[in-house]
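Listing of coords.txt; format and content: compact mmCIF, C-alpha atoms and all ligand atoms.
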# COMPACT_ATOMS: atom_id res chain seq x y z
CA MET T 1 33.89 1.15 -33.08
CA THR T 2 31.03 -1.30 -33.47
CA HIS T 3 30.44 -3.40 -30.41
CA PRO T 4 30.42 -7.20 -30.17
CA THR T 5 27.13 -9.03 -29.66
CA ASP T 6 28.25 -10.50 -26.32
CA LEU T 7 28.72 -6.99 -25.00
CA PHE T 8 28.96 -7.91 -21.32
CA ASP T 9 31.45 -10.75 -21.66
CA PRO T 10 34.28 -9.84 -19.24
CA ALA T 11 36.84 -10.95 -21.86
CA HIS T 12 36.28 -7.70 -23.80
CA TYR T 13 37.33 -5.67 -20.79
CA ALA T 14 40.29 -7.68 -19.49
CA ARG T 15 42.72 -4.91 -20.42
CA ALA T 16 40.62 -2.21 -18.74
CA ARG T 17 40.83 -4.32 -15.57
CA LEU T 18 44.67 -4.21 -15.37
CA PRO T 19 46.39 -1.73 -13.01
CA THR T 20 46.17 1.88 -14.26
CA LEU T 21 49.58 2.08 -15.92
CA GLN T 22 49.11 -1.24 -17.70
CA ALA T 23 45.44 -0.73 -18.50
CA GLU T 24 43.60 0.32 -21.61
CA THR T 25 40.72 2.77 -21.47
CA LEU T 26 37.19 1.48 -21.86
CA PRO T 27 36.26 0.54 -25.43
CA PRO T 28 34.54 3.48 -27.15
CA TRP T 29 31.22 1.59 -27.34
CA CYS T 30 30.88 1.99 -23.56
CA TYR T 31 30.17 5.66 -24.26
CA THR T 32 27.98 5.32 -27.33
CA SER T 33 26.03 2.07 -27.30
CA GLN T 34 22.37 2.03 -26.30
CA ALA T 35 22.73 -1.51 -24.94
CA PHE T 36 25.64 -0.55 -22.68
CA TYR T 37 23.71 2.50 -21.48
CA ASP T 38 20.59 0.45 -20.79
CA ARG T 39 22.65 -1.95 -18.69
CA GLU T 40 24.09 0.99 -16.71
CA VAL T 41 20.57 2.26 -16.05
CA GLU T 42 19.44 -1.15 -14.87
CA ARG T 43 22.49 -2.19 -12.84
CA ILE T 44 23.81 1.18 -11.68
CA PHE T 45 21.32 4.05 -11.66
CA ARG T 46 18.31 1.99 -10.56
CA ARG T 47 20.29 0.37 -7.74
CA SER T 48 22.51 3.16 -6.39
CA TRP T 49 21.92 6.18 -4.21
CA ASN T 50 21.72 9.09 -6.65
CA PHE T 51 22.35 12.67 -5.56
CA ILE T 52 19.26 14.71 -6.41
CA GLY T 53 19.78 18.14 -4.82
CA ARG T 54 20.14 19.94 -1.52
CA ALA T 55 17.60 20.12 1.31
CA ASP T 56 18.13 23.89 1.46
CA GLU T 57 16.62 24.13 -2.05
CA VAL T 58 13.22 23.37 -0.47
CA PRO T 59 13.44 25.52 2.68
CA LYS T 60 9.69 25.99 3.40
CA PRO T 61 6.75 23.56 3.68
CA GLY T 62 5.24 23.16 0.22
CA ASP T 63 8.48 23.95 -1.64
CA TYR T 64 9.18 21.39 -4.32
CA PHE T 65 11.33 20.63 -7.32
CA THR T 66 11.14 17.90 -9.92
CA ILE T 67 14.07 15.94 -11.27
CA ASP T 68 14.45 13.40 -14.06
CA LEU T 69 16.58 10.45 -12.96
CA VAL T 70 17.29 8.15 -15.93
CA GLY T 71 13.83 8.74 -17.35
CA GLU T 72 11.92 8.63 -14.04
CA SER T 73 10.48 11.94 -12.94
CA ILE T 74 10.57 12.49 -9.18
CA VAL T 75 8.98 15.20 -7.04
CA VAL T 76 11.07 16.29 -4.08
CA LEU T 77 9.20 18.40 -1.53
CA ARG T 78 9.08 19.56 2.05
CA ASP T 79 5.86 18.54 3.76
CA GLN T 80 3.87 20.50 6.36
CA GLY T 81 5.80 18.85 9.18
CA GLY T 82 9.13 19.94 7.69
CA GLN T 83 10.14 16.52 6.40
CA VAL T 84 11.71 16.28 2.93
CA ARG T 85 10.07 13.56 0.85
CA ALA T 86 10.34 12.18 -2.67
CA PHE T 87 7.55 10.70 -4.79
CA HIS T 88 7.18 9.36 -8.27
CA ASN T 89 5.73 12.24 -10.28
CA ILE T 90 2.69 10.27 -11.44
CA CYS T 91 -0.98 10.43 -10.64
CA ARG T 92 -2.51 7.26 -9.22
CA HIS T 93 -5.69 7.72 -11.28
CA ARG T 94 -4.55 7.26 -14.86
CA GLY T 95 -0.89 8.03 -14.59
CA THR T 96 -0.56 11.67 -15.59
CA ARG T 97 2.61 13.57 -14.71
CA LEU T 98 1.75 15.89 -11.84
CA LEU T 99 4.30 18.69 -11.52
CA ASP T 100 7.01 20.43 -13.53
CA GLY T 101 9.96 22.60 -12.58
CA ALA T 102 9.96 23.98 -9.07
CA GLY T 103 7.69 26.06 -6.87
CA ASN T 104 5.49 25.96 -3.79
CA ARG T 105 2.18 24.13 -3.38
CA ALA T 106 -0.11 23.59 -0.40
CA ALA T 107 -1.25 20.35 -2.05
CA ILE T 108 -0.65 18.55 -5.35
CA SER T 109 -3.59 18.58 -7.70
CA CYS T 110 -3.49 16.53 -10.89
CA PRO T 111 -4.01 18.68 -14.01
CA TYR T 112 -6.21 15.97 -15.62
CA HIS T 113 -9.17 15.09 -13.32
CA ALA T 114 -8.03 17.01 -10.24
CA TRP T 115 -7.25 14.19 -7.84
CA THR T 116 -5.54 15.98 -5.00
CA TYR T 117 -2.72 14.77 -2.76
CA ALA T 118 -1.44 16.13 0.55
CA LEU T 119 2.28 16.86 0.82
CA ASP T 120 2.77 13.61 2.72
CA GLY T 121 1.46 11.81 -0.38
CA LYS T 122 -2.02 10.92 0.89
CA LEU T 123 -4.84 11.20 -1.62
CA PHE T 124 -7.56 13.38 -0.09
CA GLY T 125 -9.52 14.68 -3.10
CA SER T 126 -11.03 12.37 -5.71
CA ALA T 127 -14.40 13.88 -6.64
CA GLY T 128 -16.34 11.66 -9.04
CA MET T 129 -15.08 8.40 -7.55
CA GLU T 130 -18.04 7.99 -5.14
CA LYS T 131 -19.68 5.20 -7.15
CA THR T 132 -16.52 3.26 -7.87
CA GLU T 133 -16.73 -0.05 -6.07
CA SER T 134 -14.35 -0.86 -3.25
CA PHE T 135 -12.26 2.20 -3.99
CA ASP T 136 -10.34 3.29 -0.93
CA ARG T 137 -8.41 6.56 -1.17
CA ALA T 138 -5.90 5.18 1.33
CA ASP T 139 -4.71 2.73 -1.38
CA PHE T 140 -3.99 5.47 -3.89
CA GLY T 141 -1.46 7.77 -2.28
CA LEU T 142 1.58 8.98 -4.22
CA LEU T 143 4.26 6.34 -4.64
CA PRO T 144 7.22 7.20 -2.42
CA VAL T 145 10.84 7.02 -3.58
CA ARG T 146 13.50 6.15 -0.98
CA LEU T 147 15.12 9.37 0.10
CA GLU T 148 17.93 9.86 2.59
CA SER T 149 20.24 12.74 3.29
CA TRP T 150 23.72 13.46 4.46
CA ALA T 151 24.58 16.98 5.67
CA GLY T 152 21.95 18.57 3.43
CA PHE T 153 22.77 16.46 0.34
CA LEU T 154 19.66 14.55 -0.74
CA PHE T 155 19.92 11.11 -2.33
CA ALA T 156 17.24 8.95 -3.92
CA CYS T 157 17.30 5.21 -4.55
CA PHE T 158 14.86 3.14 -6.60
CA ASP T 159 15.98 -0.18 -5.11
CA PRO T 160 14.09 -1.20 -1.96
CA GLN T 161 16.77 -3.84 -1.22
CA ALA T 162 19.78 -1.50 -1.40
CA PRO T 163 21.69 -0.89 1.86
CA ASP T 164 21.11 2.53 3.43
CA LEU T 165 22.86 5.73 2.39
CA ALA T 166 25.30 5.70 5.31
CA THR T 167 26.57 2.28 4.19
CA TYR T 168 26.78 3.50 0.59
CA LEU T 169 28.82 6.61 1.45
CA GLY T 170 31.21 4.77 3.78
CA ASP T 171 33.70 7.11 5.44
CA LEU T 172 32.92 10.13 3.25
CA PRO T 173 30.73 11.93 5.85
CA GLN T 174 33.34 11.57 8.56
CA ARG T 175 36.22 12.66 6.33
CA PHE T 176 34.36 15.74 5.09
CA GLN T 177 32.91 16.75 8.44
CA ALA T 178 35.09 19.87 8.71
CA TYR T 179 33.16 21.56 5.87
CA SER T 180 29.91 21.79 7.89
CA PHE T 181 27.85 21.17 4.74
CA ASP T 182 24.71 21.28 6.90
CA ASP T 183 25.23 25.02 7.32
CA MET T 184 25.54 25.68 3.59
CA VAL T 185 23.00 27.07 1.16
CA CYS T 186 22.81 26.65 -2.58
CA VAL T 187 22.82 30.18 -4.02
CA ARG T 188 22.81 29.37 -7.72
CA ARG T 189 21.98 26.43 -9.97
CA LYS T 190 22.76 26.38 -13.66
CA THR T 191 21.97 23.69 -16.20
CA TYR T 192 23.69 22.65 -19.43
CA ASP T 193 22.41 20.13 -21.95
CA LEU T 194 25.43 18.38 -23.42
CA ALA T 195 26.01 15.92 -26.25
CA CYS T 196 28.22 13.52 -24.29
CA ASN T 197 28.04 10.38 -22.18
CA TRP T 198 27.86 10.86 -18.41
CA LYS T 199 31.18 9.03 -17.89
CA VAL T 200 32.98 11.35 -20.29
CA TYR T 201 32.00 14.25 -18.07
CA LEU T 202 32.79 12.61 -14.74
CA GLU T 203 36.18 11.42 -15.98
CA ASN T 204 37.06 14.92 -17.10
CA ALA T 205 36.09 16.39 -13.74
CA MET T 206 38.26 13.85 -11.92
CA GLU T 207 41.58 14.23 -13.76
CA GLU T 208 44.20 16.98 -13.78
CA TYR T 209 45.91 15.91 -17.03
CA HIS T 210 43.74 18.21 -19.15
CA THR T 211 44.02 21.31 -17.00
CA PRO T 212 47.11 22.94 -18.58
CA THR T 213 45.59 22.70 -22.07
CA VAL T 214 41.82 22.98 -21.64
CA HIS T 215 42.00 25.59 -18.86
CA ARG T 216 45.14 27.48 -19.91
CA LYS T 217 43.20 30.74 -20.22
CA SER T 218 41.22 30.37 -16.99
CA ILE T 219 42.14 28.32 -13.95
CA GLY T 220 45.37 26.89 -15.38
CA SER T 221 47.21 23.77 -14.34
CA GLN T 222 46.11 21.85 -11.23
CA LYS T 223 48.36 19.40 -9.39
CA THR T 224 46.54 16.77 -7.41
CA THR T 225 47.13 13.55 -5.51
CA LEU T 226 44.84 10.54 -5.32
CA ILE T 227 43.07 9.71 -2.08
CA ASP T 228 43.67 5.98 -2.33
CA ASP T 229 41.97 4.77 0.84
CA ALA T 230 38.37 5.87 0.27
CA VAL T 231 35.81 3.52 1.82
CA GLY T 232 32.41 3.63 0.12
CA ALA T 233 31.06 4.68 -3.26
CA TRP T 234 33.38 7.62 -3.80
CA ASP T 235 36.84 8.64 -4.97
CA ALA T 236 38.70 11.89 -4.51
CA ILE T 237 41.80 13.77 -5.53
CA PHE T 238 43.34 16.53 -3.42
CA MET T 239 45.02 19.70 -4.63
CA PRO T 240 47.12 21.52 -2.01
CA ALA T 241 46.58 25.29 -2.20
CA PRO T 242 46.90 27.99 0.46
CA ARG T 243 43.60 29.68 -0.49
CA THR T 244 40.30 29.12 -2.23
CA ILE T 245 40.44 28.14 -5.88
CA ALA T 246 36.84 29.18 -6.51
CA VAL T 247 37.88 32.64 -7.62
CA LEU T 248 40.48 33.34 -10.30
CA ALA T 249 43.86 34.61 -9.04
CA GLU T 250 43.09 38.06 -10.49
CA ASP T 251 39.99 38.27 -8.25
CA SER T 252 41.52 37.00 -5.03
CA ALA T 253 40.61 40.27 -3.25
CA ALA T 254 36.95 39.23 -3.54
CA ALA T 255 37.50 35.92 -1.71
CA PHE T 256 35.24 35.26 1.27
CA PRO T 257 36.51 34.15 4.69
CA GLU T 258 37.18 30.47 5.23
CA ILE T 259 34.40 28.15 6.36
CA ALA T 260 34.12 28.64 10.13
CA GLY T 261 35.99 26.01 12.09
CA LEU T 262 37.65 24.43 9.05
CA TYR T 263 40.43 22.13 10.23
CA GLY T 264 42.84 19.48 9.01
CA ARG T 265 43.49 18.78 5.36
CA PRO T 266 40.36 20.62 4.14
CA ALA T 267 41.98 23.84 5.37
CA GLU T 268 45.02 23.17 3.18
CA GLY T 269 43.54 22.83 -0.27
CA THR T 270 40.73 21.56 -2.47
CA TYR T 271 39.15 18.16 -2.80
CA PHE T 272 37.62 17.05 -6.09
CA THR T 273 35.30 14.18 -5.28
CA ALA T 274 33.21 11.77 -7.29
CA ILE T 275 30.23 10.24 -5.52
CA TYR T 276 29.30 7.32 -7.73
CA PRO T 277 27.59 6.98 -10.01
CA SER T 278 27.47 10.50 -11.38
CA THR T 279 27.98 13.36 -8.95
CA PHE T 280 31.12 15.45 -8.66
CA PHE T 281 31.68 18.00 -5.98
CA ALA T 282 34.55 20.32 -5.23
CA THR T 283 35.24 21.62 -1.76
CA THR T 284 37.63 24.47 -1.17
CA GLN T 285 38.36 26.65 1.84
CA ASP T 286 35.33 28.92 1.49
CA CYS T 287 32.65 27.09 -0.51
CA MET T 288 31.47 23.97 -2.31
CA TRP T 289 30.11 23.34 -5.77
CA TRP T 290 28.63 20.24 -7.28
CA LEU T 291 28.32 18.98 -10.81
CA GLN T 292 25.50 16.55 -11.27
CA GLN T 293 25.52 14.41 -14.41
CA LEU T 294 21.97 13.41 -15.23
CA PRO T 295 22.12 10.84 -18.05
CA ARG T 296 19.61 11.33 -20.84
CA GLY T 297 20.87 8.56 -23.13
CA PRO T 298 24.23 7.18 -24.24
CA GLY T 299 25.25 10.43 -25.89
CA ARG T 300 23.35 13.02 -23.88
CA THR T 301 23.78 14.35 -20.35
CA GLU T 302 22.25 17.20 -18.45
CA ILE T 303 24.83 18.89 -16.26
CA VAL T 304 23.70 20.85 -13.22
CA ILE T 305 26.17 23.03 -11.37
CA GLY T 306 25.11 24.12 -7.91
CA SER T 307 27.07 26.70 -5.91
CA CYS T 308 26.97 26.52 -2.11
CA PHE T 309 28.32 28.82 0.59
CA PRO T 310 28.08 28.84 4.38
CA ARG T 311 24.91 30.66 5.52
CA THR T 312 27.04 33.23 7.33
CA THR T 313 28.89 34.01 4.10
CA ALA T 314 25.68 34.29 2.09
CA ALA T 315 24.38 36.78 4.70
CA ARG T 316 27.37 39.13 4.39
CA PRO T 317 26.64 42.62 3.05
CA ASP T 318 29.34 42.19 0.38
CA PHE T 319 28.06 38.75 -0.69
CA ARG T 320 26.05 39.88 -3.69
CA ALA T 321 28.90 41.91 -5.17
CA ASN T 322 31.72 39.48 -4.51
CA VAL T 323 29.93 36.26 -5.44
CA GLU T 324 29.92 37.55 -9.01
CA LYS T 325 33.65 36.82 -9.12
CA TYR T 326 32.91 33.21 -8.19
CA TYR T 327 30.25 32.97 -10.89
CA LYS T 328 32.73 34.43 -13.35
CA ARG T 329 35.22 31.66 -12.55
CA TRP T 330 32.65 28.88 -12.93
CA ASP T 331 31.13 30.42 -16.05
CA LYS T 332 34.57 30.57 -17.62
CA SER T 333 35.99 27.18 -16.69
CA LEU T 334 32.86 25.04 -17.02
CA PRO T 335 32.18 25.79 -20.70
CA GLU T 336 35.79 24.75 -21.36
CA ASP T 337 35.05 21.33 -19.86
CA ASN T 338 31.70 21.19 -21.63
CA LEU T 339 33.24 21.82 -25.05
CA ILE T 340 36.05 19.30 -24.67
CA SER T 341 33.59 16.67 -23.40
CA GLU T 342 31.36 17.08 -26.46
CA ARG T 343 34.45 16.97 -28.65
CA GLN T 344 35.61 13.73 -27.04
CA GLN T 345 32.14 12.23 -27.49
CA ALA T 346 32.19 13.16 -31.18
CA GLY T 347 35.46 11.26 -31.55
CA LEU T 348 34.26 8.28 -29.54
CA ALA T 349 31.37 7.87 -31.97
CA SER T 350 33.76 7.04 -34.82
CA ALA T 351 33.56 3.50 -36.18
CA TYR T 352 37.38 3.44 -36.21
CA GLY T 353 38.09 4.27 -32.56
CA ARG T 354 40.13 1.94 -30.34
CA PRO T 355 40.80 1.82 -26.59
CA GLY T 356 43.63 4.13 -25.50
CA ARG T 357 46.09 4.18 -22.57
CA LEU T 358 46.20 6.21 -19.37
CA SER T 359 48.66 8.66 -17.84
CA TRP T 360 49.73 8.54 -14.19
CA GLN T 361 47.69 11.74 -13.95
CA GLU T 362 44.42 9.89 -14.63
CA PRO T 363 44.05 7.32 -11.82
CA VAL T 364 40.38 8.13 -11.23
CA VAL T 365 39.51 7.68 -14.92
CA HIS T 366 40.61 4.10 -14.41
CA ARG T 367 38.70 3.80 -11.16
CA ILE T 368 35.49 5.08 -12.75
CA ALA T 369 35.82 2.52 -15.56
CA ASN T 370 36.31 -0.28 -13.08
CA TRP T 371 33.52 0.87 -10.79
CA VAL T 372 31.18 0.66 -13.78
CA LEU T 373 32.56 -2.69 -15.02
CA ASP T 374 32.20 -4.14 -11.51
CA ARG T 375 28.46 -3.61 -11.89
CA VAL T 376 27.58 -4.17 -15.54
CA LEU T 377 29.53 -7.23 -16.65
CA ASN T 378 28.11 -10.73 -16.76
CA ASP T 379 30.37 -11.98 -13.95
CA HIS T 380 28.53 -9.62 -11.58
CA LYS T 381 24.90 -9.53 -10.57
S1 LIG J 401 -4.98 11.18 -14.25
FE1 LIG J 401 -4.75 12.35 -12.50
S2 LIG J 401 -6.75 12.78 -11.89
FE2 LIG J 401 -6.99 11.60 -13.65
FE FE J 402 38.33 20.73 -16.31

Show me, as structure tokens, the structure contained in the file I just sent.
Ligand code: FES
Ligand SMILES: [Fe+2]
Amino acid sequence: MTHPTDLFDPAHYARARLPTLQAETLPPWCYTSQAFYDREVERIFRRSWNFIGRADEVPKPGDYFTIDLVGESIVVLRDQGGQVRAFHNICRHRGTRLLDGAGNRAAISCPYHAWTYALDGKLFGSAGMEKTESFDRADFGLLPVRLESWAGFLFACFDPQAPDLATYLGDLPQRFQAYSFDDMVCVRRKTYDLACNWKVYLENAMEEYHTPTVHRKSIGSQKTTLIDDAVGAWDAIFMPAPRTIAVLAEDSAAAFPEIAGLYGRPAEGTYFTAIYPSTFFATTQDCMWWLQQLPRGPGRTEIVIGSCFPRTTAARPDFRANVEKYYKRWDKSLPEDNLISERQQAGLASAYGRPGRLSWQEPVVHRIANWVLDRVLNDHK
């Protein structure tokens, strides 16, 4: 479906704005157009708090990883004092990218002319700059990126004016307190490069309607209810279940004990949660896993799945053997979602597509659409 020239005129989206059961889905161009994507980058990803990883992924001073957030490479590291920091991954001399991947460094040395930065970002080595007039190393430290954390989840924000993370997350931290995320460690991270829009993937993760078909040979049908009173940049659905859903029923003997001290509703099932703009995480009785959607363009998304367990669970003698059953479950169900997402994207790219309608089983698909429209249309700033 080709898009109109006045792409951000609210009139094109009036039907997507109606209540879920009267609404249409977003027009297909919202998933395929470069202009729509560029507006999302500008109005959403450059202004929001974006999940970038877990603090336990950089446990020791000098540990770092790099991440690409809508085209901006960021270095996340733990400094000598134990503080986690984020910097733009660019040298202040002539702009070279500094680091790749992940690892441990005592200092950051540029691969071009060897300017060297301390882990707190200060430039301390710049041999050859002695004759440069009024050059003060103090003016050429690494450029920091705003970084804040909640219970071990790290978030970055490019907008200096944006309210703090606690305001952004609203009542999420309080409502998910029982999981003791602070005591969890990420034991595995896996990445997939997919040919789909980031919203396609998030929508899929947040609706149960597809589960009996897409997951009929793995996790099967899931029955959820909408959490309709979320305050903050998140939405969730809850699936009552007496035990963890992170292992397949056939492997239930391998299930780990519940998270210590789990109480209330978290003890009675699984939450599937979207933290806007593009992070999903699932929390069940014994563990948590996240799905990060890192947009790479209108039709391309890098998906990162991280698997987290309480430290006490990860220290169990049977952890190594039994966690394989968890990996088996994720490695079976995730490719099913990946395939259907790419297949949906292929269809959305057709010039003949039209907006569709929504089932009562897709309330969050509608919420995602409206969260995005609230930010990108011309009647909003
Ligand atoms: S560009 Fe980094 S030292 Fe020259
Ligand atoms: Fe799914």

Which one is closest to ligand LIG 401 (chain J): T:Leu98, T:Val200, T:Ala107, T:Ala255? Count all atoms listed in the file. T:Leu98

Do you know which residues are at most 12 Å from segment 189-196 of chain T counting only C-alpha atoms, after dropping those on the same chain fewer than 4 positions away, and could you put them as a ChimeraX atom specification? /T:30-32,53-54,57,185,200-204,289-308,327,330-331,334-335,337-349

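A search radius of 9 Å centred on (22.1, 16.9, 7.3), applied to all atoms listed in the file, returns the residues Ala55, Ser149, Trp150, Ala151, Gly152, Phe153, Leu154, Phe181, Asp182 and Asp183 of chain T.
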
Would you tabulate, counting all atoms listed in the file, all residues of chain T that have an atom at most 6 Å from an atom of ligand LIG 401 (chain J), showing the closest pair of atoms and their distance in Å to one decimal, sorted by chain then ascending number, as JSON lines?
{"residue": "T:Cys91", "atom": "CA", "partner": "J:LIG401", "partner_atom": "FE1", "distance": 4.6}
{"residue": "T:His93", "atom": "CA", "partner": "J:LIG401", "partner_atom": "S1", "distance": 4.6}
{"residue": "T:Arg94", "atom": "CA", "partner": "J:LIG401", "partner_atom": "S1", "distance": 4.0}
{"residue": "T:Gly95", "atom": "CA", "partner": "J:LIG401", "partner_atom": "S1", "distance": 5.2}
{"residue": "T:Thr96", "atom": "CA", "partner": "J:LIG401", "partner_atom": "S1", "distance": 4.6}
{"residue": "T:Cys110", "atom": "CA", "partner": "J:LIG401", "partner_atom": "FE1", "distance": 4.7}
{"residue": "T:Tyr112", "atom": "CA", "partner": "J:LIG401", "partner_atom": "FE2", "distance": 4.9}
{"residue": "T:His113", "atom": "CA", "partner": "J:LIG401", "partner_atom": "S2", "distance": 3.6}
{"residue": "T:Ala114", "atom": "CA", "partner": "J:LIG401", "partner_atom": "S2", "distance": 4.7}
{"residue": "T:Trp115", "atom": "CA", "partner": "J:LIG401", "partner_atom": "S2", "distance": 4.3}

Those same residues, written as a compact mmCIF listing (two decimals), in the frame of the given file with C-alpha atoms?
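part14.txt written:
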# COMPACT_ATOMS: atom_id res chain seq x y z
CA CYS T 91 -0.98 10.43 -10.64
CA HIS T 93 -5.69 7.72 -11.28
CA ARG T 94 -4.55 7.26 -14.86
CA GLY T 95 -0.89 8.03 -14.59
CA THR T 96 -0.56 11.67 -15.59
CA CYS T 110 -3.49 16.53 -10.89
CA TYR T 112 -6.21 15.97 -15.62
CA HIS T 113 -9.17 15.09 -13.32
CA ALA T 114 -8.03 17.01 -10.24
CA TRP T 115 -7.25 14.19 -7.84

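Residue nearest ligand FE 402 (chain J), chosen from T:Ile219, T:Leu18, T:Ala315, T:Val187 and counting all atoms listed in the file: T:Ile219.
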
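Between atom CA of Ala241 of chain T and atom CA of Ala321 of chain T the separation is 24.4 Å.
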
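Going from atom CA of Tyr271 of chain T over to atom CA of His215 of chain T, you cover 17.9 Å.
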
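Atom pair atom CA of Phe238 of chain T / atom CA of Ile52 of chain T has a distance of 24.3 Å (rounded to one decimal).
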
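Using only C-alpha atoms and all ligand atoms, the smallest distance between any of T:Pro240, T:Pro355, T:Pro212, T:Gly232 and ligand FE 402 (chain J) comes from T:Pro212.
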
Using only C-alpha atoms, pick whichever of T:Leu147, T:Ser333, T:Ala106, T:Ala246 has the shortest atom-to-atom distance to Arg216 of chain T.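 Once distances to Arg216 of chain T are computed over only C-alpha atoms, the minimum belongs to T:Ser333.
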